[in-house]
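Note: the block below is coords14.cif and it holds mmCIF, C-alpha atoms and all ligand atoms.
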data_start
loop_
_atom_site.label_atom_id
_atom_site.label_comp_id
_atom_site.auth_asym_id
_atom_site.auth_seq_id
_atom_site.Cartn_x
_atom_site.Cartn_y
_atom_site.Cartn_z
CA MET A 1 126.31 150.58 80.75
CA THR A 2 123.93 152.46 78.47
CA ALA A 3 121.37 154.68 80.20
CA TYR A 4 117.95 153.88 78.74
CA ILE A 5 114.25 154.77 78.91
CA ASP A 6 111.47 152.18 78.77
CA PRO A 7 108.63 154.18 77.18
CA HIS A 8 105.94 151.53 77.74
CA ILE A 9 105.80 149.42 80.87
CA HIS A 10 103.03 148.71 83.39
CA MET A 11 104.92 149.07 86.65
CA VAL A 12 101.80 148.73 88.82
CA SER A 13 101.99 145.04 87.82
CA ARG A 14 105.68 144.69 88.63
CA THR A 15 107.56 144.23 91.86
CA THR A 16 109.93 146.57 93.65
CA ASP A 17 112.71 144.10 92.80
CA ASP A 18 111.97 144.75 89.12
CA TYR A 19 112.56 148.49 89.68
CA LYS A 20 115.87 147.65 91.29
CA ARG A 21 116.98 145.32 88.50
CA MET A 22 115.94 147.88 85.88
CA ALA A 23 117.91 150.62 87.65
CA LEU A 24 120.96 148.35 87.81
CA ALA A 25 120.58 147.70 84.06
CA GLY A 26 120.62 151.45 83.29
CA CYS A 27 116.95 152.46 83.30
CA VAL A 28 116.54 156.17 84.12
CA MET A 29 112.89 156.69 83.16
CA VAL A 30 109.72 154.72 82.48
CA THR A 31 106.46 155.88 80.96
CA GLU A 32 103.41 153.92 82.03
CA PRO A 33 100.21 153.88 79.96
CA ALA A 34 96.84 153.13 81.54
CA PHE A 35 95.72 149.61 80.55
CA TRP A 36 93.44 146.69 81.35
CA ALA A 37 93.90 145.39 84.89
CA GLY A 38 93.12 141.79 83.93
CA PHE A 39 89.48 142.26 84.93
CA ASP A 40 86.80 144.80 84.03
CA ARG A 41 86.41 147.57 86.61
CA SER A 42 82.93 148.07 88.05
CA GLY A 43 82.69 151.83 87.53
CA VAL A 44 84.37 155.18 87.06
CA GLU A 45 85.67 155.28 90.65
CA GLY A 46 87.85 152.26 89.91
CA PHE A 47 89.54 154.30 87.19
CA ARG A 48 89.90 157.36 89.41
CA ASP A 49 91.76 155.24 91.98
CA TYR A 50 93.90 153.69 89.21
CA PHE A 51 94.81 157.17 87.91
CA ARG A 52 95.72 158.24 91.45
CA GLN A 53 97.98 155.19 91.66
CA LEU A 54 99.62 156.05 88.32
CA THR A 55 100.11 159.75 89.02
CA GLN A 56 100.77 159.89 92.76
CA TYR A 57 101.99 156.57 94.15
CA GLU A 58 103.97 154.93 91.34
CA PRO A 59 106.32 157.92 90.75
CA LYS A 60 107.38 157.71 94.42
CA ARG A 61 108.04 153.97 94.16
CA ALA A 62 110.17 154.55 91.03
CA ALA A 63 112.06 157.45 92.61
CA GLN A 64 113.44 155.15 95.31
CA PHE A 65 115.58 153.65 92.55
CA GLY A 66 116.45 156.87 90.78
CA ILE A 67 113.95 156.12 88.00
CA ARG A 68 111.67 158.92 86.77
CA HIS A 69 108.08 157.81 86.26
CA ARG A 70 105.65 159.39 83.76
CA SER A 71 102.15 158.22 82.85
CA TRP A 72 99.39 158.19 80.24
CA LEU A 73 95.66 158.15 81.01
CA CYS A 74 92.66 156.63 79.23
CA ILE A 75 90.19 153.77 79.32
CA ASN A 76 91.80 150.82 77.51
CA ALA A 77 90.42 149.28 74.31
CA LYS A 78 89.09 146.18 76.09
CA GLU A 79 86.90 148.09 78.53
CA ALA A 80 86.04 150.61 75.79
CA GLU A 81 83.46 148.08 74.64
CA ASN A 82 81.35 149.70 77.40
CA VAL A 83 80.72 153.08 75.77
CA SER A 84 78.78 154.73 78.63
CA LEU A 85 81.47 153.86 81.20
CA SER A 86 84.11 155.04 78.72
CA ARG A 87 82.41 158.42 78.45
CA GLU A 88 82.39 158.79 82.24
CA VAL A 89 86.13 158.00 82.33
CA ILE A 90 86.95 160.40 79.46
CA ALA A 91 85.02 163.15 81.26
CA MET A 92 87.04 162.50 84.44
CA ILE A 93 90.54 162.42 82.83
CA PRO A 94 90.96 166.25 82.76
CA GLU A 95 91.07 166.21 86.59
CA PHE A 96 94.51 164.61 86.18
CA LEU A 97 95.84 166.51 83.16
CA THR A 98 97.44 169.13 85.37
CA MET A 99 99.63 166.57 87.17
CA PRO A 100 103.30 167.16 86.24
CA GLY A 101 104.02 163.50 85.44
CA VAL A 102 101.17 163.00 82.97
CA LEU A 103 102.31 162.94 79.32
CA GLY A 104 98.97 162.59 77.56
CA ILE A 105 96.24 160.18 76.47
CA GLY A 106 97.06 156.47 76.20
CA GLU A 107 97.25 153.69 75.53
CA ILE A 108 94.11 154.08 73.49
CA GLY A 109 93.46 151.82 70.53
CA LEU A 110 91.57 148.84 69.29
CA ASN A 111 91.35 145.30 70.59
CA LYS A 112 88.84 143.44 68.43
CA ASN A 113 88.31 146.33 65.99
CA THR A 114 84.64 146.80 67.00
CA LEU A 115 82.43 149.80 66.37
CA ASN A 116 82.26 150.60 70.10
CA GLU A 117 86.05 150.54 70.37
CA ALA A 118 86.29 152.88 67.39
CA THR A 119 83.72 155.28 68.91
CA VAL A 120 85.69 155.50 72.16
CA PHE A 121 88.97 155.87 70.27
CA ILE A 122 87.60 158.88 68.37
CA GLU A 123 86.30 160.46 71.61
CA HIS A 124 89.73 160.05 73.21
CA LEU A 125 91.28 161.74 70.15
CA ASP A 126 88.82 164.58 70.60
CA LEU A 127 89.93 165.04 74.21
CA ALA A 128 93.60 164.97 73.13
CA ALA A 129 92.95 167.57 70.42
CA LYS A 130 90.97 169.89 72.70
CA SER A 131 93.53 169.72 75.51
CA ASP A 132 96.61 169.58 73.24
CA GLU A 133 97.86 166.28 74.65
CA LEU A 134 100.24 163.67 73.20
CA VAL A 135 98.69 160.34 72.21
CA LEU A 136 99.98 156.80 72.74
CA VAL A 137 98.23 154.14 70.66
CA HIS A 138 97.93 150.41 71.32
CA THR A 139 97.54 148.34 68.14
CA PRO A 140 95.73 144.99 68.32
CA HIS A 141 97.25 141.56 68.65
CA LEU A 142 98.13 139.08 65.92
CA ALA A 143 95.25 138.44 63.50
CA ASP A 144 93.58 141.79 64.16
CA LYS A 145 96.75 143.89 63.94
CA TYR A 146 96.96 144.80 60.26
CA GLN A 147 93.30 145.73 59.85
CA GLY A 148 93.22 147.46 63.25
CA THR A 149 96.32 149.51 62.49
CA ARG A 150 94.78 150.67 59.19
CA MET A 151 91.58 151.68 60.98
CA ILE A 152 93.58 153.56 63.63
CA LEU A 153 95.70 155.44 61.09
CA ASP A 154 92.53 156.44 59.20
CA MET A 155 90.79 157.70 62.36
CA ILE A 156 93.85 159.80 63.32
CA ARG A 157 94.15 161.20 59.78
CA ASN A 158 90.47 162.13 59.85
CA ASP A 159 90.94 164.35 62.91
CA ARG A 160 92.87 167.20 61.32
CA ARG A 161 93.59 168.81 64.68
CA ILE A 162 95.95 165.95 65.62
CA LYS A 163 99.54 166.47 64.50
CA PRO A 164 101.05 163.14 63.37
CA GLU A 165 104.35 163.74 65.19
CA ARG A 166 102.45 164.01 68.50
CA VAL A 167 101.23 160.40 68.21
CA CYS A 168 103.13 157.16 68.86
CA ILE A 169 101.78 153.97 67.26
CA ASP A 170 102.87 151.17 69.56
CA HIS A 171 103.41 147.41 69.15
CA VAL A 172 104.33 147.78 65.47
CA GLU A 173 105.64 144.73 63.63
CA GLU A 174 107.12 144.06 60.21
CA HIS A 175 103.79 144.51 58.42
CA THR A 176 102.62 147.67 60.27
CA ILE A 177 105.77 149.74 60.87
CA ARG A 178 105.92 151.29 57.41
CA PRO A 179 102.36 152.70 57.22
CA ALA A 180 102.76 154.19 60.73
CA LEU A 181 106.09 155.86 59.88
CA ASP A 182 104.81 157.00 56.47
CA ALA A 183 101.88 158.72 58.23
CA GLY A 184 104.41 160.80 60.19
CA HIS A 185 103.95 159.10 63.56
CA TRP A 186 106.48 157.81 66.04
CA VAL A 187 106.46 154.03 66.47
CA GLY A 188 107.16 151.67 69.34
CA MET A 189 108.41 148.11 68.91
CA THR A 190 107.41 145.91 71.81
CA LEU A 191 109.90 143.26 72.83
CA TYR A 192 108.04 140.24 74.14
CA PRO A 193 109.29 136.76 74.97
CA ILE A 194 106.42 135.07 73.06
CA THR A 195 104.20 137.32 70.95
CA LYS A 196 104.82 140.75 69.41
CA CYS A 197 108.49 141.33 68.57
CA THR A 198 111.79 139.76 69.72
CA PRO A 199 114.98 141.83 70.23
CA SER A 200 116.47 140.37 67.04
CA ARG A 201 113.38 141.14 64.95
CA ALA A 202 113.46 144.70 66.33
CA ALA A 203 117.15 144.99 65.39
CA ASP A 204 116.29 143.74 61.88
CA MET A 205 113.64 146.48 61.55
CA VAL A 206 116.07 149.17 62.70
CA GLU A 207 118.55 147.95 60.08
CA GLN A 208 115.81 148.22 57.46
CA TYR A 209 114.05 151.46 58.50
CA GLY A 210 116.76 153.42 60.33
CA THR A 211 116.43 155.17 63.68
CA GLU A 212 114.13 158.14 63.00
CA ARG A 213 111.00 158.19 65.22
CA ILE A 214 111.59 154.60 66.35
CA MET A 215 111.52 153.45 69.99
CA VAL A 216 111.62 150.08 71.73
CA ASN A 217 109.81 149.05 74.91
CA SER A 218 109.14 146.03 77.09
CA ALA A 219 105.39 146.58 77.60
CA GLY A 220 106.01 144.65 80.80
CA ASP A 221 102.78 143.83 82.63
CA TRP A 222 101.17 141.01 84.63
CA GLY A 223 101.45 138.53 81.71
CA HIS A 224 104.45 136.91 80.04
CA SER A 225 106.82 139.84 79.61
CA ASP A 226 110.34 140.92 80.53
CA PRO A 227 111.03 144.24 82.27
CA LEU A 228 114.65 143.95 81.06
CA ALA A 229 113.70 143.62 77.40
CA VAL A 230 115.21 146.99 76.41
CA PRO A 231 118.68 146.00 77.75
CA GLU A 232 118.25 142.74 75.77
CA PHE A 233 117.76 144.85 72.65
CA ILE A 234 120.86 146.94 73.50
CA PHE A 235 122.81 143.69 73.88
CA GLU A 236 121.58 142.40 70.50
CA MET A 237 122.44 145.67 68.74
CA ARG A 238 125.93 145.65 70.26
CA ARG A 239 126.40 142.02 69.27
CA ARG A 240 125.72 143.05 65.67
CA GLY A 241 128.39 145.74 65.89
CA HIS A 242 126.15 148.81 65.81
CA GLU A 243 127.58 152.05 67.17
CA GLU A 244 126.76 153.20 70.68
CA ALA A 245 125.40 156.54 69.40
CA MET A 246 122.88 154.73 67.20
CA ILE A 247 121.77 152.47 70.05
CA ARG A 248 121.49 155.44 72.39
CA LYS A 249 119.31 157.30 69.91
CA ILE A 250 116.73 154.50 69.93
CA VAL A 251 116.68 153.74 73.65
CA TYR A 252 117.27 157.23 75.08
CA ASP A 253 117.28 160.23 72.71
CA ASN A 254 114.14 159.22 70.82
CA PRO A 255 111.84 158.59 73.79
CA LEU A 256 113.13 161.81 75.34
CA ALA A 257 112.40 163.76 72.15
CA PHE A 258 108.90 162.30 71.85
CA CYS A 259 108.01 162.98 75.52
CA SER A 260 109.51 166.48 75.38
CA GLN A 261 106.61 167.53 73.17
CA SER A 262 104.36 167.41 76.26
CA ARG A 263 104.22 170.92 77.73
CA ARG A 264 104.41 169.50 81.27
CA PHE A 265 107.40 167.27 80.62
CA ALA A 266 110.50 168.04 82.65
CA PHE A 267 113.58 165.85 82.77
CA ALA A 268 115.99 167.12 85.37
ZN ZN B 1 100.54 148.28 77.38
#
Please render this file's structure as structure tokens.
Ligand SMILES: [Zn+2]
Amino acid sequence: MTAYIDPHIHMVSRTTDDYKRMALAGCVMVTEPAFWAGFDRSGVEGFRDYFRQLTQYEPKRAAQFGIRHRSWLCINAKEAENVSLSREVIAMIPEFLTMPGVLGIGEIGLNKNTLNEATVFIEHLDLAAKSDELVLVHTPHLADKYQGTRMILDMIRNDRRIKPERVCIDHVEEHTIRPALDAGHWVGMTLYPITKCTPSRAADMVEQYGTERIMVNSAGDWGHSDPLAVPEFIFEMRRRGHEEAMIRKIVYDNPLAFCSQSRRFAFA
């Protein structure tokens, strides 16, 4: 069994049985970005409680199965449409940036590529730059992905304080992986049963682009998703005859190297 890390999964939406099945499949660490709960929260206190859940409660639930839990904080792109609420949340985030399990700001990004979303994205980047935090970026779905990814890469490039290697561009697909890698960022390929990327498409991209700065994740949440998607990818890579060291680099060494850039990150 290959030990692996799932660098993007929303465990607050998953059951305790999922933790157990993931542990049995070799999962040793998850990193959980803040995201949309399926409904818009009514105010900043809703986010404070969510951040307490991510930083205090969820790590204990994971630890019962020997899984380390790390998290990312932000207001997601969907709720970022509300700029005044977003500013309240961004102002509150530093309260949690001293917690040992917090890796940085994320998953920030764009949803419908609106001006409000872009404003809030830039203000999150400012917080990350000022506090020297890692950044995890959500790229939009389907039709909005290419344009949204270009906008995101431009906004990051325009903030010269942000080092490219301290940013992961997530949910990349065949048409967005190259510009993200060329900009010097890490990338995440999300393995979804329906949309985003299947394990075999991810394996194709690894065969084309190599293993440098590339990670895979399940992005498991409350929708159609599979918390065991990373083991599915391992299975597909093995089926194609790839070496264990190469597989391990993508599912273990790379996420560890990316996370290790956070000054609070410890992996004992
Ligand atoms: Zn997500």
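Near ligand ZN 1 (chain B), at a distance of at most 7 Å and with all atoms listed in the file counted, sit the residues His8, Ile9, His10, Pro33, Phe35, Glu107, His138 and Ala219 of chain A.
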Find, counting all atoms listed in the file, the residue in A:Pro7, A:Pro227, A:Leu125, A:Ala268 that gets nearest to Lys20 in chain A. A:Pro227
Excluding same-chain residues fewer than 5 positions from range 245-247 of chain A, what lies within 10 Å of it counting all atoms listed in the file, as a PyMOL selection string? chain A and resi 2+4+203+206+210-211+233-235+237-238+252-253
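Counting all atoms listed in the file, Phe267 in chain A has the following residues at most 10 Å away, ignoring those fewer than 4 positions along the same chain: A:Met29, A:Arg68, A:Leu256, A:Cys259, A:Ser260.
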Write out as a VMD selection string the residues lying within 12 Å of Gly220 in chain A, counting all atoms listed in the file and excluding same-chain residues fewer than 2 positions away. chain A and resid 6 to 15 18 to 19 22 30 to 33 35 190 to 193 216 to 218 222 to 230
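What separates CA of Asn116 in chain A from CA of Glu174 in chain A is a distance of 27.5 Å.
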I need every residue sitting at most 7 Å from the point (113.9, 151.7, 88.6) (coordinates as in the file, all atoms listed in the file considered), written as a ChimeraX atom specification. /A:19-20,22-23,27-28,62,65-67
Residue neighbourhood range 41-57 of chain A, 10 Å, only C-alpha atoms, exclusion window fewer than 2 positions, as an NGL selection string: :A and (10-12 or 32-39 or 59-62 or 69-75 or 79 or 85-93 or 95-97 or 99-102)
Would you put the residues from that selection into a file with C-alpha atoms, as a PDB file, in the frame of the given file?
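Once everything was written out, this is part-v7.pdb:
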ATOM      1  CA  HIS A  10     103.030 148.710  83.390  1.00  0.00           C
ATOM      2  CA  MET A  11     104.920 149.070  86.650  1.00  0.00           C
ATOM      3  CA  VAL A  12     101.800 148.730  88.820  1.00  0.00           C
ATOM      4  CA  GLU A  32     103.410 153.920  82.030  1.00  0.00           C
ATOM      5  CA  PRO A  33     100.210 153.880  79.960  1.00  0.00           C
ATOM      6  CA  ALA A  34      96.840 153.130  81.540  1.00  0.00           C
ATOM      7  CA  PHE A  35      95.720 149.610  80.550  1.00  0.00           C
ATOM      8  CA  TRP A  36      93.440 146.690  81.350  1.00  0.00           C
ATOM      9  CA  ALA A  37      93.900 145.390  84.890  1.00  0.00           C
ATOM     10  CA  GLY A  38      93.120 141.790  83.930  1.00  0.00           C
ATOM     11  CA  PHE A  39      89.480 142.260  84.930  1.00  0.00           C
ATOM     12  CA  PRO A  59     106.320 157.920  90.750  1.00  0.00           C
ATOM     13  CA  LYS A  60     107.380 157.710  94.420  1.00  0.00           C
ATOM     14  CA  ARG A  61     108.040 153.970  94.160  1.00  0.00           C
ATOM     15  CA  ALA A  62     110.170 154.550  91.030  1.00  0.00           C
ATOM     16  CA  HIS A  69     108.080 157.810  86.260  1.00  0.00           C
ATOM     17  CA  ARG A  70     105.650 159.390  83.760  1.00  0.00           C
ATOM     18  CA  SER A  71     102.150 158.220  82.850  1.00  0.00           C
ATOM     19  CA  TRP A  72      99.390 158.190  80.240  1.00  0.00           C
ATOM     20  CA  LEU A  73      95.660 158.150  81.010  1.00  0.00           C
ATOM     21  CA  CYS A  74      92.660 156.630  79.230  1.00  0.00           C
ATOM     22  CA  ILE A  75      90.190 153.770  79.320  1.00  0.00           C
ATOM     23  CA  GLU A  79      86.900 148.090  78.530  1.00  0.00           C
ATOM     24  CA  LEU A  85      81.470 153.860  81.200  1.00  0.00           C
ATOM     25  CA  SER A  86      84.110 155.040  78.720  1.00  0.00           C
ATOM     26  CA  ARG A  87      82.410 158.420  78.450  1.00  0.00           C
ATOM     27  CA  GLU A  88      82.390 158.790  82.240  1.00  0.00           C
ATOM     28  CA  VAL A  89      86.130 158.000  82.330  1.00  0.00           C
ATOM     29  CA  ILE A  90      86.950 160.400  79.460  1.00  0.00           C
ATOM     30  CA  ALA A  91      85.020 163.150  81.260  1.00  0.00           C
ATOM     31  CA  MET A  92      87.040 162.500  84.440  1.00  0.00           C
ATOM     32  CA  ILE A  93      90.540 162.420  82.830  1.00  0.00           C
ATOM     33  CA  GLU A  95      91.070 166.210  86.590  1.00  0.00           C
ATOM     34  CA  PHE A  96      94.510 164.610  86.180  1.00  0.00           C
ATOM     35  CA  LEU A  97      95.840 166.510  83.160  1.00  0.00           C
ATOM     36  CA  MET A  99      99.630 166.570  87.170  1.00  0.00           C
ATOM     37  CA  PRO A 100     103.300 167.160  86.240  1.00  0.00           C
ATOM     38  CA  GLY A 101     104.020 163.500  85.440  1.00  0.00           C
ATOM     39  CA  VAL A 102     101.170 163.000  82.970  1.00  0.00           C
TER      40      VAL A 102
END
Residues within 9 Å of Glu117 in chain A, all atoms listed in the file, excluding chain neighbours under 5 positions, as a PyMOL selection string: chain A and resi 77-83+109-112+122
Requested write-out: C-alpha atoms of the selected residues, as a compact mmCIF listing (two decimals), keeping the file's coordinate frame:
# COMPACT_ATOMS: atom_id res chain seq x y z
CA ALA A 77 90.42 149.28 74.31
CA LYS A 78 89.09 146.18 76.09
CA GLU A 79 86.90 148.09 78.53
CA ALA A 80 86.04 150.61 75.79
CA GLU A 81 83.46 148.08 74.64
CA ASN A 82 81.35 149.70 77.40
CA VAL A 83 80.72 153.08 75.77
CA GLY A 109 93.46 151.82 70.53
CA LEU A 110 91.57 148.84 69.29
CA ASN A 111 91.35 145.30 70.59
CA LYS A 112 88.84 143.44 68.43
CA ILE A 122 87.60 158.88 68.37
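Between CA of Asn76 in chain A and CA of Ile108 in chain A the separation is 5.7 Å.
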Would you mind reading off the distance between CA of Met1 in chain A and CA of Val251 in chain A, one decimal, in Å? 12.4 Å
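The closest residue to Ile169 in chain A, picked from A:Arg201, A:Arg239, A:Lys130, A:Arg213 and counting only C-alpha atoms, is A:Arg213.
Distance annotation: of A:Asp17, A:Asp132, A:Glu173, A:Glu236, the residue with the minimal separation from Cys197 in chain A is A:Glu173; atom set is all atoms listed in the file.
Of the residues listed (A:Ala128, A:Val187, A:Ala63, A:Ile152), A:Ala128 shows the shortest atom-to-atom separation from Ser262 in chain A; distances use all atoms listed in the file.
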Atoms added to range 124-143 of chain A (N, CA, C and O atoms), reported as an mmCIF file, keeping the file's coordinate frame:
data_model
loop_
_atom_site.group_PDB
_atom_site.id
_atom_site.type_symbol
_atom_site.label_atom_id
_atom_site.label_comp_id
_atom_site.auth_asym_id
_atom_site.auth_seq_id
_atom_site.Cartn_x
_atom_site.Cartn_y
_atom_site.Cartn_z
ATOM 1 N N HIS A 124 88.437 159.774 72.572
ATOM 2 C CA HIS A 124 89.730 160.050 73.210
ATOM 3 C C HIS A 124 90.548 161.035 72.369
ATOM 4 O O HIS A 124 91.193 161.950 72.898
ATOM 5 N N LEU A 125 90.546 160.823 71.042
ATOM 6 C CA LEU A 125 91.280 161.740 70.150
ATOM 7 C C LEU A 125 90.748 163.161 70.296
ATOM 8 O O LEU A 125 91.516 164.123 70.294
ATOM 9 N N ASP A 126 89.429 163.266 70.437
ATOM 10 C CA ASP A 126 88.820 164.580 70.600
ATOM 11 C C ASP A 126 89.335 165.257 71.873
ATOM 12 O O ASP A 126 89.693 166.435 71.865
ATOM 13 N N LEU A 127 89.395 164.487 72.959
ATOM 14 C CA LEU A 127 89.930 165.040 74.210
ATOM 15 C C LEU A 127 91.383 165.480 74.023
ATOM 16 O O LEU A 127 91.779 166.569 74.458
ATOM 17 N N ALA A 128 92.180 164.639 73.350
ATOM 18 C CA ALA A 128 93.600 164.970 73.130
ATOM 19 C C ALA A 128 93.724 166.251 72.293
ATOM 20 O O ALA A 128 94.581 167.098 72.582
ATOM 21 N N ALA A 129 92.876 166.379 71.285
ATOM 22 C CA ALA A 129 92.950 167.570 70.420
ATOM 23 C C ALA A 129 92.555 168.820 71.192
ATOM 24 O O ALA A 129 93.250 169.839 71.133
ATOM 25 N N LYS A 130 91.452 168.719 71.939
ATOM 26 C CA LYS A 130 90.970 169.890 72.700
ATOM 27 C C LYS A 130 91.970 170.331 73.755
ATOM 28 O O LYS A 130 92.108 171.515 74.042
ATOM 29 N N SER A 131 92.642 169.358 74.391
ATOM 30 C CA SER A 131 93.530 169.720 75.510
ATOM 31 C C SER A 131 94.994 169.717 75.085
ATOM 32 O O SER A 131 95.882 169.851 75.924
ATOM 33 N N ASP A 132 95.256 169.543 73.783
ATOM 34 C CA ASP A 132 96.610 169.580 73.240
ATOM 35 C C ASP A 132 97.530 168.575 73.934
ATOM 36 O O ASP A 132 98.616 168.923 74.390
ATOM 37 N N GLU A 133 97.080 167.323 73.977
ATOM 38 C CA GLU A 133 97.860 166.280 74.650
ATOM 39 C C GLU A 133 98.500 165.344 73.618
ATOM 40 O O GLU A 133 97.964 165.143 72.523
ATOM 41 N N LEU A 134 99.633 164.746 73.996
ATOM 42 C CA LEU A 134 100.240 163.670 73.200
ATOM 43 C C LEU A 134 99.328 162.446 73.249
ATOM 44 O O LEU A 134 98.509 162.301 74.156
ATOM 45 N N VAL A 135 99.514 161.553 72.284
ATOM 46 C CA VAL A 135 98.690 160.340 72.210
ATOM 47 C C VAL A 135 99.579 159.116 72.063
ATOM 48 O O VAL A 135 100.493 159.097 71.231
ATOM 49 N N LEU A 136 99.289 158.086 72.856
ATOM 50 C CA LEU A 136 99.980 156.800 72.740
ATOM 51 C C LEU A 136 98.944 155.748 72.347
ATOM 52 O O LEU A 136 97.923 155.587 73.023
ATOM 53 N N VAL A 137 99.225 155.045 71.246
ATOM 54 C CA VAL A 137 98.230 154.140 70.660
ATOM 55 C C VAL A 137 98.659 152.677 70.736
ATOM 56 O O VAL A 137 99.747 152.303 70.272
ATOM 57 N N HIS A 138 97.771 151.864 71.289
ATOM 58 C CA HIS A 138 97.930 150.410 71.320
ATOM 59 C C HIS A 138 97.338 149.825 70.043
ATOM 60 O O HIS A 138 96.189 150.112 69.707
ATOM 61 N N THR A 139 98.117 149.028 69.310
ATOM 62 C CA THR A 139 97.540 148.340 68.140
ATOM 63 C C THR A 139 97.240 146.890 68.526
ATOM 64 O O THR A 139 97.900 146.328 69.389
ATOM 65 N N PRO A 140 96.230 146.301 67.875
ATOM 66 C CA PRO A 140 95.730 144.990 68.320
ATOM 67 C C PRO A 140 96.751 143.865 68.151
ATOM 68 O O PRO A 140 97.783 144.033 67.521
ATOM 69 N N HIS A 141 96.374 142.726 68.684
ATOM 70 C CA HIS A 141 97.250 141.560 68.650
ATOM 71 C C HIS A 141 97.079 140.753 67.368
ATOM 72 O O HIS A 141 96.006 140.690 66.791
ATOM 73 N N LEU A 142 98.107 140.142 66.931
ATOM 74 C CA LEU A 142 98.130 139.080 65.920
ATOM 75 C C LEU A 142 97.165 139.284 64.764
ATOM 76 O O LEU A 142 97.336 140.184 63.972
ATOM 77 N N ALA A 143 96.127 138.465 64.678
ATOM 78 C CA ALA A 143 95.250 138.440 63.500
ATOM 79 C C ALA A 143 94.573 139.781 63.253
ATOM 80 O O ALA A 143 94.284 140.136 62.111
#
